[in-house]
Structure formats: structure tokens, C-alpha cells
Amino acid sequence: MNIVIFGSTGGTGKELVKQALELGYEVTAFARTPAKLDEFKSENLIIVVGDVFNYEDVEKAIVAQNAVISALGNPTLKVNNTTSEGTRNIIKAMKANSVKRFVCETSLGVGDSREQAGFFFSKVIIPTLLKNAIADKEIQEQIIHESDLDWTIVRPGGLKDSPKTSKYRAGLDKNISGNIARADVAEFMLKQINSDEFLRKCPVICY
């Protein structure tokens, strides 16, 4: 199985790289700063240096892949289109290379999960601190929905750096909310590559 991971140097991204290698996958990690992946030493890891805003860089990483995983994040609180424009390039390159399976991390609070995030998060945190990041993810999800890919959008709750538990709730139940370890999000995302359970759906994952 050949997979490429975008956002590979972030918290979830590094967990995706680590766990994908443990599963024996041939992993391509797309990174603007490859030194952030120095901790990984494996014959099954290829690092492609590039910028998600550059279509040629993105396509170079997607050639000959079986699946694409995105953990792209928004690096600033200011208005920014990293996740949406990066995803636009990813989808364009996937179509050009006949790659269909796309698993993408966004966030609880995006789309129809806004109220599910809870009163304080949806009414205070999102409109203030996360206003621009969520707005970009809203566009990102719309771009994915409008594609003809075999996509799954994973919406984690509050992300934290703690060990993988493999014990979490994931699904379309509107009562699912709370925190989740990045390691568990990565495990769930990798499971979606070979599963149709949430094909063209947006499961939430939390404890």
C-alpha cells in the first residue's frame, strides 16, 4: 500500500507517519520543512519537499499512490487559506493521477457539527480564536464534497498530545463530543483507507 501524507510535520501528521510505517505501508511524507521528520528512519519512508500552494510539488507526491491522507492545519490565527487551497491542489492532482481514496482531517465544529461542539466552543471559541481557521476548513470541506473522490472527512474534537488508547467513539452520532489524542485520530484515519464504513461521510471522533 502506497500512501502520501500531507501535513506530515504537524501533531497528527507525525502520528500518521509513525503508525503508517508500523503497518508496513510505503509512506510518502509531504513537507515544507523536512528536518521536522528527522526522527523517522525507515526504508519505507520517502520525504517530498514542497509547498501545498504549488501544484507541481503536490502532484509530484501523489504520482503512483493508492491513497492520500491530509492532516493539513492552519498555521495562524489570521485569515489564511492553507487548508482550502492545499486541498484544492491535492484533489486536482488526485484526479490527474486517477487516485480515488482521500481521508482528510478537519475539526469538530465545522459544517453541521458546529452545535455538536458544545456551547462554549461553538459560541465563544470559534467566533473569536478559531474564526479564521474554521472558515478555511468550511471551504476545505465544501471542496471535498464537490469532488467525485472516495473521500472521508474526519472531525476530531479537542486535540491533545497523549498516548494512543485505541478506545474512542467515532461516528455520525450527534452526541459525540469531547477531547481526543492525536495518536487515536491517526489510528482511525489510517483504518479508513481500507474501509467503506464512512465513505463520503464526516464522522466525529472523541473519547
# chains A, B, ... in the order shown; residues from 1 in each chain; ligands from 1
>>> select_by_dssp(residues="stretch 5-196 of chain A", states="strand (DSSP E or B)", output="count of residues only")
38
>>> closest_atom_pairs(of="stretch 94-114 of chain A", to="stretch 138-161 of chain A", cutoff="8 Å", atoms="only C-alpha atoms", output="tab-separated table")
residue	atom	partner	partner_atom	distance
A:Lys100	CA	A:Leu149	CA	5.0
A:Arg101	CA	A:Asp150	CA	4.8
A:Phe102	CA	A:Trp151	CA	4.6
A:Val103	CA	A:Thr152	CA	4.9
A:Cys104	CA	A:Ile153	CA	4.9
A:Glu105	CA	A:Val154	CA	4.8
A:Thr106	CA	A:Arg155	CA	5.2
A:Ser107	CA	A:Arg155	CA	4.2
A:Leu108	CA	A:Arg155	CA	4.8
A:Val110	CA	A:Glu138	CA	6.0
A:Gly111	CA	A:Glu138	CA	6.3
>>> residues_around(residues="A:Asn81", least_positions_apart="5", cutoff="9 Å", atoms="only C-alpha atoms", output="list in words")
Asn74, Gly86, Asn132, Ala133, Ala135, Asp136, Lys137, Ile139 and Gln140 of chain A
>>> write_last_selection(atoms="N, CA and C atoms", output="short mmCIF file (atom, residue, chain, number, x, y, z; two decimals), in the first residue's frame")
data_model
loop_
_atom_site.label_atom_id
_atom_site.label_comp_id
_atom_site.auth_asym_id
_atom_site.auth_seq_id
_atom_site.Cartn_x
_atom_site.Cartn_y
_atom_site.Cartn_z
N ASN A 74 -4.09 24.98 9.81
CA ASN A 74 -3.94 26.39 9.53
C ASN A 74 -2.93 26.96 10.53
N GLY A 86 -4.62 24.20 -0.30
CA GLY A 86 -3.82 22.98 -0.34
C GLY A 86 -4.68 21.80 -0.76
N ASN A 132 -11.05 32.27 11.83
CA ASN A 132 -10.44 32.17 10.50
C ASN A 132 -10.07 30.73 10.14
N ALA A 133 -9.59 29.98 11.11
CA ALA A 133 -9.23 28.58 10.85
C ALA A 133 -10.46 27.76 10.48
N ALA A 135 -13.27 28.92 9.27
CA ALA A 135 -13.78 29.41 7.98
C ALA A 135 -13.04 28.74 6.82
N ASP A 136 -11.73 28.58 6.98
CA ASP A 136 -10.95 27.93 5.93
C ASP A 136 -11.30 26.45 5.82
N LYS A 137 -11.55 25.80 6.96
CA LYS A 137 -11.94 24.40 6.95
C LYS A 137 -13.34 24.21 6.36
N ILE A 139 -14.51 25.92 3.85
CA ILE A 139 -14.26 25.92 2.41
C ILE A 139 -13.61 24.62 1.99
N GLN A 140 -12.67 24.14 2.80
CA GLN A 140 -11.99 22.89 2.53
C GLN A 140 -12.99 21.74 2.39
#
>>> closest_residue(among="A:Val204, A:Leu23, A:Ala67, A:Ile47", to="A:Ala35", atoms="only C-alpha atoms")
A:Ile47
>>> atom_distance(atom1="atom CA of A:Leu130", atom2="atom CA of A:Ala93")
28.9 Å
>>> select_by_dssp(residues="stretch 145-184 of chain A", states="alpha helix (DSSP H)", output="ChimeraX atom specification")
/A:145,182-184
>>> write_last_selection(atoms="N, CA and C atoms", output="mmCIF file, in the first residue's frame")
data_model
loop_
_atom_site.group_PDB
_atom_site.id
_atom_site.type_symbol
_atom_site.label_atom_id
_atom_site.label_comp_id
_atom_site.auth_asym_id
_atom_site.auth_seq_id
_atom_site.Cartn_x
_atom_site.Cartn_y
_atom_site.Cartn_z
ATOM 1 N N HIS A 145 -16.486 17.850 -0.712
ATOM 2 C CA HIS A 145 -17.848 17.394 -1.015
ATOM 3 C C HIS A 145 -18.160 17.490 -2.505
ATOM 4 N N ARG A 182 -4.191 12.907 19.433
ATOM 5 C CA ARG A 182 -3.801 12.895 18.026
ATOM 6 C C ARG A 182 -3.437 11.479 17.564
ATOM 7 N N ALA A 183 -2.865 10.704 18.468
ATOM 8 C CA ALA A 183 -2.472 9.336 18.124
ATOM 9 C C ALA A 183 -3.689 8.487 17.782
ATOM 10 N N ASP A 184 -4.791 8.688 18.491
ATOM 11 C CA ASP A 184 -6.005 7.934 18.203
ATOM 12 C C ASP A 184 -6.669 8.421 16.920
#
>>> closest_residue(among="A:Thr165, A:Thr28, A:Ser98, A:Asn54", to="A:Ala186", atoms="only C-alpha atoms")
A:Thr165
>>> atom_distance(atom1="atom CA of A:Arg200", atom2="atom CA of A:Val48")
27.9 Å
>>> residues_around(residues="A:Glu43", least_positions_apart="4", cutoff="10 Å", atoms="only C-alpha atoms", output="number ranges by chain")
A: 21, 26-27
